[in-house]
file input11.cif (mmCIF, C-alpha atoms and all ligand atoms)
data_start
#
loop_
_atom_site.label_atom_id
_atom_site.label_comp_id
_atom_site.auth_asym_id
_atom_site.auth_seq_id
_atom_site.Cartn_x
_atom_site.Cartn_y
_atom_site.Cartn_z
CA MET X 23 135.81 34.74 79.24
CA PRO X 24 132.22 33.47 78.87
CA GLU X 25 130.78 32.69 75.44
CA PRO X 26 129.04 35.74 73.91
CA LEU X 27 125.34 35.74 74.70
CA ILE X 28 123.11 34.86 71.75
CA VAL X 29 119.41 35.61 72.00
CA THR X 30 117.18 34.38 69.17
CA ILE X 31 113.74 35.82 68.48
CA ASP X 32 111.70 33.88 65.96
CA GLY X 33 108.07 34.11 64.99
CA PRO X 34 105.62 35.02 62.25
CA ALA X 35 105.39 38.37 60.45
CA GLY X 36 103.99 41.18 62.56
CA ALA X 37 104.45 39.52 65.97
CA GLY X 38 106.65 42.44 67.05
CA LYS X 39 110.04 40.76 66.62
CA SER X 40 111.92 43.79 65.27
CA THR X 41 110.76 46.23 67.92
CA VAL X 42 111.32 43.77 70.75
CA ALA X 43 114.71 42.57 69.43
CA GLN X 44 115.96 46.13 68.95
CA MET X 45 114.86 47.26 72.42
CA LEU X 46 116.28 44.14 74.03
CA ALA X 47 119.65 44.50 72.28
CA ALA X 48 119.91 48.11 73.49
CA ARG X 49 119.09 47.09 77.07
CA LEU X 50 121.59 44.21 77.10
CA GLY X 51 124.41 45.91 75.20
CA LEU X 52 124.19 43.32 72.41
CA THR X 53 124.13 43.85 68.63
CA TYR X 54 120.73 43.68 66.92
CA VAL X 55 120.50 41.73 63.66
CA ASP X 56 117.50 41.46 61.33
CA SER X 57 118.03 38.20 59.41
CA GLY X 58 114.89 38.79 57.32
CA ALA X 59 116.64 41.78 55.75
CA THR X 60 119.23 39.43 54.22
CA TYR X 61 116.44 37.49 52.46
CA ARG X 62 114.81 40.75 51.40
CA ALA X 63 118.14 42.03 50.04
CA ALA X 64 118.60 38.82 48.03
CA ALA X 65 115.06 39.28 46.70
CA LEU X 66 115.78 42.88 45.71
CA ARG X 67 118.89 41.75 43.83
CA VAL X 68 116.82 39.12 41.98
CA LEU X 69 114.11 41.64 41.04
CA GLU X 70 116.64 44.22 39.90
CA ALA X 71 118.36 41.65 37.72
CA GLY X 72 115.01 40.98 36.03
CA ILE X 73 115.02 37.34 37.16
CA ASP X 74 111.80 35.52 38.02
CA PRO X 75 111.97 34.71 41.77
CA HIS X 76 110.40 31.30 40.93
CA ASP X 77 113.37 30.43 38.66
CA GLU X 78 115.37 28.42 41.20
CA ALA X 79 118.44 27.81 39.03
CA ALA X 80 118.81 31.43 37.95
CA VAL X 81 118.20 32.77 41.48
CA GLY X 82 120.72 30.31 42.93
CA ARG X 83 123.38 31.32 40.38
CA LEU X 84 122.83 35.03 40.89
CA ILE X 85 122.85 34.94 44.70
CA GLY X 86 125.87 32.61 44.64
CA ARG X 87 127.95 35.33 43.01
CA THR X 88 126.45 38.26 44.95
CA ASP X 89 128.38 39.77 47.85
CA VAL X 90 125.98 40.06 50.81
CA ARG X 91 127.14 41.74 54.02
CA VAL X 92 125.45 42.49 57.32
CA GLU X 93 126.50 45.55 59.30
CA SER X 94 125.31 47.25 62.44
CA SER X 95 125.37 50.94 63.20
CA GLY X 96 123.55 53.06 65.75
CA GLY X 97 121.56 50.05 67.00
CA GLU X 98 120.23 49.39 63.49
CA SER X 99 120.81 46.41 61.25
CA HIS X 100 122.00 47.07 57.67
CA VAL X 101 122.49 44.88 54.61
CA LEU X 102 124.94 45.63 51.83
CA ILE X 103 124.64 44.06 48.39
CA ASP X 104 127.83 44.24 46.32
CA GLY X 105 128.95 47.07 48.58
CA ALA X 106 125.77 49.18 48.41
CA ASP X 107 123.57 49.66 51.50
CA VAL X 108 120.08 48.59 50.34
CA THR X 109 118.39 48.60 53.78
CA ALA X 110 116.03 51.49 53.00
CA ARG X 111 114.68 49.72 49.90
CA LEU X 112 113.60 46.41 51.41
CA ARG X 113 110.05 47.11 52.62
CA THR X 114 108.08 47.32 49.36
CA PRO X 115 105.28 44.78 48.69
CA GLU X 116 107.23 43.45 45.67
CA VAL X 117 110.32 42.73 47.76
CA THR X 118 108.19 41.20 50.54
CA LEU X 119 106.61 38.74 48.13
CA ALA X 120 109.86 37.90 46.34
CA ALA X 121 111.62 37.38 49.71
CA ALA X 122 109.03 34.76 50.69
CA LEU X 123 109.85 32.93 47.41
CA VAL X 124 113.64 33.16 47.34
CA SER X 125 113.89 32.21 51.03
CA ARG X 126 112.51 28.77 50.07
CA LEU X 127 115.61 27.95 48.02
CA PRO X 128 118.36 25.83 49.66
CA GLU X 129 121.27 27.65 47.93
CA VAL X 130 119.97 31.01 49.11
CA ARG X 131 119.42 29.81 52.67
CA ALA X 132 122.81 28.09 52.87
CA LYS X 133 124.62 31.25 51.82
CA LEU X 134 122.67 33.66 54.03
CA ILE X 135 122.86 31.41 57.09
CA GLN X 136 126.68 31.40 56.80
CA ILE X 137 126.65 35.19 56.64
CA GLN X 138 124.35 35.44 59.68
CA ARG X 139 126.57 33.08 61.68
CA ALA X 140 129.78 34.84 60.64
CA PHE X 141 128.39 38.19 61.79
CA ALA X 142 127.82 36.82 65.31
CA ARG X 143 131.32 35.32 65.62
CA GLY X 144 132.93 36.73 68.76
CA ARG X 145 130.11 39.08 69.68
CA GLY X 146 126.81 38.90 71.50
CA VAL X 147 123.72 39.36 69.36
CA VAL X 148 119.96 39.49 69.44
CA MET X 149 119.00 38.05 66.06
CA GLU X 150 115.43 37.92 64.83
CA GLY X 151 113.99 35.76 62.07
CA ARG X 152 112.20 32.48 61.43
CA ASP X 153 114.84 29.79 61.96
CA ILE X 154 117.40 31.46 64.19
CA GLY X 155 116.77 29.26 67.24
CA THR X 156 116.24 26.08 65.20
CA VAL X 157 118.90 26.27 62.48
CA VAL X 158 121.20 29.30 62.64
CA PHE X 159 122.06 29.14 66.37
CA PRO X 160 120.68 25.90 67.83
CA GLN X 161 123.20 26.42 70.69
CA ALA X 162 121.84 29.90 71.61
CA GLN X 163 121.50 30.46 75.35
CA LEU X 164 118.06 32.07 75.11
CA LYS X 165 115.41 31.41 72.48
CA ILE X 166 112.16 33.31 72.27
CA PHE X 167 109.26 32.44 69.96
CA LEU X 168 107.05 35.49 69.65
CA LYS X 169 103.52 35.10 68.35
CA ALA X 170 100.26 37.09 68.16
CA ASP X 171 96.79 36.67 66.66
CA VAL X 172 96.70 37.32 62.92
CA GLU X 173 94.19 40.23 63.28
CA GLU X 174 96.44 41.96 65.79
CA ARG X 175 99.48 41.45 63.57
CA ALA X 176 97.57 42.92 60.61
CA ARG X 177 96.54 45.92 62.73
CA ARG X 178 100.17 46.57 63.71
CA ARG X 179 101.35 46.22 60.14
CA LEU X 180 98.70 48.72 58.98
CA ASN X 181 99.73 51.24 61.64
CA GLN X 182 103.35 50.83 60.59
CA ASP X 183 102.59 51.19 56.88
CA SER X 184 100.17 54.11 57.20
CA HIS X 185 103.26 56.27 57.80
CA ASP X 186 104.39 55.31 54.31
CA GLY X 187 101.09 56.44 52.77
CA HIS X 188 99.93 52.90 51.85
CA LYS X 189 96.20 52.32 51.80
CA ALA X 190 95.21 48.76 52.68
CA THR X 191 92.31 47.24 54.56
CA LEU X 192 92.61 45.21 57.72
CA GLU X 193 90.99 42.25 55.98
CA LYS X 194 93.40 42.34 53.03
CA THR X 195 96.44 42.76 55.29
CA ALA X 196 95.32 39.87 57.53
CA TYR X 197 94.87 37.72 54.42
CA GLU X 198 98.36 38.60 53.13
CA ILE X 199 99.97 37.95 56.51
CA GLY X 200 98.12 34.61 56.76
CA ARG X 201 99.37 33.68 53.29
CA ARG X 202 102.96 34.52 54.23
CA ASP X 203 102.63 32.49 57.44
CA GLN X 204 101.56 29.58 55.29
CA LEU X 205 104.51 29.96 52.88
CA ASP X 206 106.95 30.23 55.82
CA ALA X 207 105.45 27.28 57.72
CA GLU X 208 105.06 24.95 54.75
CA ARG X 209 108.46 25.29 53.12
CA LYS X 210 110.57 22.16 53.14
CA ILE X 211 113.73 23.65 54.61
CA SER X 212 113.77 25.66 57.83
CA PRO X 213 109.98 25.97 58.17
CA LEU X 214 108.75 28.42 60.77
CA THR X 215 108.44 26.37 63.93
CA PRO X 216 109.49 27.03 67.54
CA ALA X 217 112.71 25.37 68.74
CA SER X 218 111.96 22.67 71.32
CA ASP X 219 113.76 24.77 73.96
CA ALA X 220 112.21 28.12 72.91
CA ILE X 221 110.11 30.13 75.32
CA GLU X 222 106.85 31.17 73.66
CA ILE X 223 105.45 34.62 74.33
CA ASP X 224 102.05 35.68 72.97
CA SER X 225 102.22 39.43 72.37
CA THR X 226 98.58 39.89 71.27
CA HIS X 227 97.64 41.83 74.41
CA LEU X 228 101.10 43.11 75.34
CA GLN X 229 103.02 46.30 74.58
CA ALA X 230 106.57 45.79 73.25
CA GLU X 231 107.96 47.15 76.55
CA GLN X 232 106.08 44.41 78.46
CA VAL X 233 107.47 41.68 76.20
CA VAL X 234 110.99 43.08 76.66
CA GLY X 235 110.37 43.15 80.43
CA GLN X 236 109.47 39.45 80.41
CA ILE X 237 112.58 38.55 78.43
CA LEU X 238 114.85 40.67 80.67
CA GLU X 239 113.40 38.82 83.65
CA LEU X 240 114.45 35.52 82.07
CA VAL X 241 117.93 36.92 81.41
CA ARG X 242 118.24 38.13 85.02
CA LYS X 243 117.08 34.80 86.42
CA LYS X 244 119.83 33.04 84.48
CA GLY X 245 122.42 35.55 85.70
CA TRP X 246 123.29 36.62 82.15
CA ALA X 247 122.58 40.32 82.56
CA GLU X 248 126.21 41.47 82.36
CA ARG X 249 127.35 39.05 79.66
CA GLY X 250 126.60 41.34 76.72
CA GLY X 251 128.74 44.12 78.17
CA LEU X 252 131.57 41.71 78.96
CA VAL X 253 131.99 40.45 75.44
CA ARG X 254 132.07 43.81 73.68
O1 LIG T 1 110.98 39.07 58.75
P1 LIG T 1 110.81 39.52 57.30
O2 LIG T 1 109.37 39.78 56.93
O3 LIG T 1 111.67 40.69 56.98
O4 LIG T 1 111.31 38.30 56.41
C1 LIG T 1 111.34 38.37 55.01
C2 LIG T 1 111.18 36.97 54.42
O5 LIG T 1 112.32 36.18 54.72
C3 LIG T 1 109.96 36.20 54.94
O6 LIG T 1 109.26 35.62 53.86
C4 LIG T 1 110.52 35.12 55.81
C5 LIG T 1 111.94 34.96 55.33
N1 LIG T 1 112.86 34.70 56.43
C6 LIG T 1 113.34 33.42 56.56
O7 LIG T 1 112.97 32.54 55.79
N2 LIG T 1 114.22 33.13 57.55
C7 LIG T 1 114.61 34.07 58.40
N3 LIG T 1 115.49 33.76 59.37
C8 LIG T 1 114.12 35.39 58.30
C9 LIG T 1 113.23 35.66 57.28
#

call {"tool": "encode", "arguments": {"input": "input11.cif", "output": "structure tokens"}}
result
Amino acid sequence: MPEPLIVTIDGPAGAGKSTVAQMLAARLGLTYVDSGATYRAAALRVLEAGIDPHDEAAVGRLIGRTDVRVESSGGESHVLIDGADVTARLRTPEVTLAAALVSRLPEVRAKLIQIQRAFARGRGVVMEGRDIGTVVFPQAQLKIFLKADVEERARRRLNQDSHDGHKATLEKTAYEIGRRDQLDAERKISPLTPASDAIEIDSTHLQAEQVVGQILELVRKKGWAERGGLVR
């Protein structure tokens, strides 16, 4: 039996990772996993406990004793914190900011990386994040680094958020995304950087379907197309 196929999709916020990873997983019969949601869930736990996300010792202690679980259902990725599904509560600006802070802490990363790896044991996955190809699955068969211009990423984020009734300007959103890029790229552990064997795709002028088409072509060329189905 071949090893389960692992596809990693890393890149900055708003590059289209979630959409592309979800579509790709459906096409390949693999399980989609959103690793960022585990950091967001940890951040939500910290905020709800009234702990300052900058307080490394307190955050480390709290997350150390928190039960974090990843689940998949209906092609969607879910995170459970102490048994409760918190997935629907992870997209607020407060959680986004706190996630960027708590994801800098080694204890938090060590714990969540183990959970991400354990979820993929014995099954094929498409996992998206920042360090999936570099740290979580350096042995992955296919690594994609998805990027796009910051203005385009801000535009997409605004379109996404306008459904939630948020009012933000393009300029402010681009600034916030740029600031998050900086936090992600500058952190000491697992900074956002493409794996040396990652294939970079610039999605600025591409629809998600076109990006998925390019990745499927790579999968076909390698003869991996049926692997996802085989391992399930
Ligand atoms: O992809 P996202 O916006 O949901 O990620 C939330 C935060 O978690 C973001 O600040 C980057 C961080 N993150 C990370 O450090 N490593 C990952 N593999 C995924 C996300």

call {"tool": "residues_around", "arguments": {"input": "input11.cif", "residues": "Glu78 of chain X", "least_positions_apart": "3", "cutoff": "8 Å", "atoms": "only C-alpha atoms", "output": "list in words"}}
result
Pro75, Val81, Gly82, Val124 and Leu127 of chain X

call {"tool": "residues_near_ligand", "arguments": {"input": "input11.cif", "ligand": "ligand LIG 1 (chain T)", "cutoff": "8 Å", "atoms": "only C-alpha atoms and all ligand atoms", "output": "PyMOL selection string"}}
result
chain X and resi 32+34-36+56-62+113+118-123+125-126+131+150-154+158+202+205-206+212-214

call {"tool": "residues_around", "arguments": {"input": "input11.cif", "residues": "segment 232-245 of chain X", "least_positions_apart": "5", "cutoff": "12 Å", "atoms": "all atoms listed in the file", "output": "ChimeraX atom specification"}}
result
/X:27-31,37-50,148,163-170,220-227,250

call {"tool": "residues_around", "arguments": {"input": "input11.cif", "residues": "Ala110 of chain X", "least_positions_apart": "5", "cutoff": "12 Å", "atoms": "only C-alpha atoms", "output": "list in words"}}
result
Ala59, Arg62, Ala63, Leu66, Glu98, Ser99, His100, Val101, Leu102 and Val117 of chain X

call {"tool": "atom_distance", "arguments": {"input": "input11.cif", "atom1": "atom CA of Val92 of chain X", "atom2": "atom CA of Ile137 of chain X"}}
result
7.4 Å

call {"tool": "axis_aligned_box", "arguments": {"input": "input11.cif", "around": "segment 139-147 of chain X", "padding_each_side": "5 Å", "output": "AutoDock Vina command-line options"}}
result
--center_x 128.3 --center_y 36.2 --center_z 66.1 --size_x 19.2 --size_y 16.3 --size_z 20.9

call {"tool": "atom_distance", "arguments": {"input": "input11.cif", "atom1": "atom CA of Asp74 of chain X", "atom2": "atom CA of Tyr197 of chain X"}}
result
23.7 Å

call {"tool": "closest_residue", "arguments": {"input": "input11.cif", "among": "X:Asp104, X:Arg178, X:Thr191, X:Ser218", "to": "Ala230 of chain X", "atoms": "only C-alpha atoms"}}
result
X:Arg178

call {"tool": "closest_residue", "arguments": {"input": "input11.cif", "among": "X:Val172, X:Ala217, X:Phe159, X:Gly51", "to": "Arg143 of chain X", "atoms": "only C-alpha atoms"}}
result
X:Phe159

call {"tool": "closest_residue", "arguments": {"input": "input11.cif", "among": "X:Thr215, X:Ser94, X:Thr53, X:Thr88", "to": "Gly155 of chain X", "atoms": "only C-alpha atoms"}}
result
X:Thr215

call {"tool": "closest_residue", "arguments": {"input": "input11.cif", "among": "X:Glu198, X:Glu173, X:Glu93, X:Asp77", "to": "Tyr54 of chain X", "atoms": "only C-alpha atoms"}}
result
X:Glu93

call {"tool": "closest_residue", "arguments": {"input": "input11.cif", "among": "X:Glu25, X:Ile103, X:Ala176, X:Asp171", "to": "Lys194 of chain X", "atoms": "all atoms listed in the file"}}
result
X:Ala176

call {"tool": "closest_residue", "arguments": {"input": "input11.cif", "among": "X:Gly86, X:Pro26, X:Gly72, X:Pro216", "to": "Ala132 of chain X", "atoms": "all atoms listed in the file"}}
result
X:Gly86

call {"tool": "build_atoms", "arguments": {"input": "input11.cif", "residues": "segment 120-136 of chain X", "atoms": "N, CA, C and O atoms", "output": "PDB file, in the frame of the given file"}}
result
ATOM      1  N   ALA X 120     108.707  38.613  46.920  1.00  0.00           N
ATOM      2  CA  ALA X 120     109.860  37.900  46.340  1.00  0.00           C
ATOM      3  C   ALA X 120     110.716  37.265  47.439  1.00  0.00           C
ATOM      4  O   ALA X 120     111.273  36.176  47.255  1.00  0.00           O
ATOM      5  N   ALA X 121     110.807  37.923  48.606  1.00  0.00           N
ATOM      6  CA  ALA X 121     111.620  37.380  49.710  1.00  0.00           C
ATOM      7  C   ALA X 121     111.024  36.066  50.202  1.00  0.00           C
ATOM      8  O   ALA X 121     111.750  35.111  50.520  1.00  0.00           O
ATOM      9  N   ALA X 122     109.682  36.001  50.245  1.00  0.00           N
ATOM     10  CA  ALA X 122     109.030  34.760  50.690  1.00  0.00           C
ATOM     11  C   ALA X 122     109.342  33.624  49.713  1.00  0.00           C
ATOM     12  O   ALA X 122     109.431  32.463  50.110  1.00  0.00           O
ATOM     13  N   LEU X 123     109.543  33.965  48.421  1.00  0.00           N
ATOM     14  CA  LEU X 123     109.850  32.930  47.410  1.00  0.00           C
ATOM     15  C   LEU X 123     111.319  32.531  47.434  1.00  0.00           C
ATOM     16  O   LEU X 123     111.644  31.349  47.508  1.00  0.00           O
ATOM     17  N   VAL X 124     112.218  33.524  47.424  1.00  0.00           N
ATOM     18  CA  VAL X 124     113.640  33.160  47.340  1.00  0.00           C
ATOM     19  C   VAL X 124     114.124  32.505  48.642  1.00  0.00           C
ATOM     20  O   VAL X 124     115.069  31.713  48.622  1.00  0.00           O
ATOM     21  N   SER X 125     113.438  32.805  49.764  1.00  0.00           N
ATOM     22  CA  SER X 125     113.890  32.210  51.030  1.00  0.00           C
ATOM     23  C   SER X 125     113.537  30.718  51.103  1.00  0.00           C
ATOM     24  O   SER X 125     113.928  30.024  52.039  1.00  0.00           O
ATOM     25  N   ARG X 126     112.813  30.216  50.099  1.00  0.00           N
ATOM     26  CA  ARG X 126     112.510  28.770  50.070  1.00  0.00           C
ATOM     27  C   ARG X 126     113.660  27.989  49.435  1.00  0.00           C
ATOM     28  O   ARG X 126     113.674  26.762  49.500  1.00  0.00           O
ATOM     29  N   LEU X 127     114.587  28.652  48.790  1.00  0.00           N
ATOM     30  CA  LEU X 127     115.610  27.950  48.020  1.00  0.00           C
ATOM     31  C   LEU X 127     116.836  27.567  48.870  1.00  0.00           C
ATOM     32  O   LEU X 127     117.412  28.424  49.541  1.00  0.00           O
ATOM     33  N   PRO X 128     117.242  26.289  48.818  1.00  0.00           N
ATOM     34  CA  PRO X 128     118.360  25.830  49.660  1.00  0.00           C
ATOM     35  C   PRO X 128     119.651  26.607  49.447  1.00  0.00           C
ATOM     36  O   PRO X 128     120.342  26.920  50.406  1.00  0.00           O
ATOM     37  N   GLU X 129     120.000  26.938  48.175  1.00  0.00           N
ATOM     38  CA  GLU X 129     121.270  27.650  47.930  1.00  0.00           C
ATOM     39  C   GLU X 129     121.250  29.014  48.607  1.00  0.00           C
ATOM     40  O   GLU X 129     122.243  29.459  49.163  1.00  0.00           O
ATOM     41  N   VAL X 130     120.100  29.672  48.523  1.00  0.00           N
ATOM     42  CA  VAL X 130     119.970  31.010  49.110  1.00  0.00           C
ATOM     43  C   VAL X 130     120.096  30.903  50.623  1.00  0.00           C
ATOM     44  O   VAL X 130     120.852  31.633  51.261  1.00  0.00           O
ATOM     45  N   ARG X 131     119.383  29.959  51.208  1.00  0.00           N
ATOM     46  CA  ARG X 131     119.420  29.810  52.670  1.00  0.00           C
ATOM     47  C   ARG X 131     120.831  29.463  53.142  1.00  0.00           C
ATOM     48  O   ARG X 131     121.328  30.027  54.108  1.00  0.00           O
ATOM     49  N   ALA X 132     121.471  28.516  52.438  1.00  0.00           N
ATOM     50  CA  ALA X 132     122.810  28.090  52.870  1.00  0.00           C
ATOM     51  C   ALA X 132     123.750  29.283  52.916  1.00  0.00           C
ATOM     52  O   ALA X 132     124.492  29.472  53.879  1.00  0.00           O
ATOM     53  N   LYS X 133     123.699  30.103  51.884  1.00  0.00           N
ATOM     54  CA  LYS X 133     124.620  31.250  51.820  1.00  0.00           C
ATOM     55  C   LYS X 133     124.301  32.266  52.925  1.00  0.00           C
ATOM     56  O   LYS X 133     125.190  32.738  53.631  1.00  0.00           O
ATOM     57  N   LEU X 134     123.027  32.596  53.073  1.00  0.00           N
ATOM     58  CA  LEU X 134     122.670  33.660  54.030  1.00  0.00           C
ATOM     59  C   LEU X 134     122.871  33.198  55.480  1.00  0.00           C
ATOM     60  O   LEU X 134     123.254  33.984  56.335  1.00  0.00           O
ATOM     61  N   ILE X 135     122.646  31.925  55.731  1.00  0.00           N
ATOM     62  CA  ILE X 135     122.860  31.410  57.090  1.00  0.00           C
ATOM     63  C   ILE X 135     124.343  31.533  57.470  1.00  0.00           C
ATOM     64  O   ILE X 135     124.677  31.912  58.592  1.00  0.00           O
ATOM     65  N   GLN X 136     125.240  31.244  56.514  1.00  0.00           N
ATOM     66  CA  GLN X 136     126.680  31.400  56.800  1.00  0.00           C
ATOM     67  C   GLN X 136     127.000  32.848  57.145  1.00  0.00           C
ATOM     68  O   GLN X 136     127.777  33.132  58.057  1.00  0.00           O
TER      69      GLN X 136
END
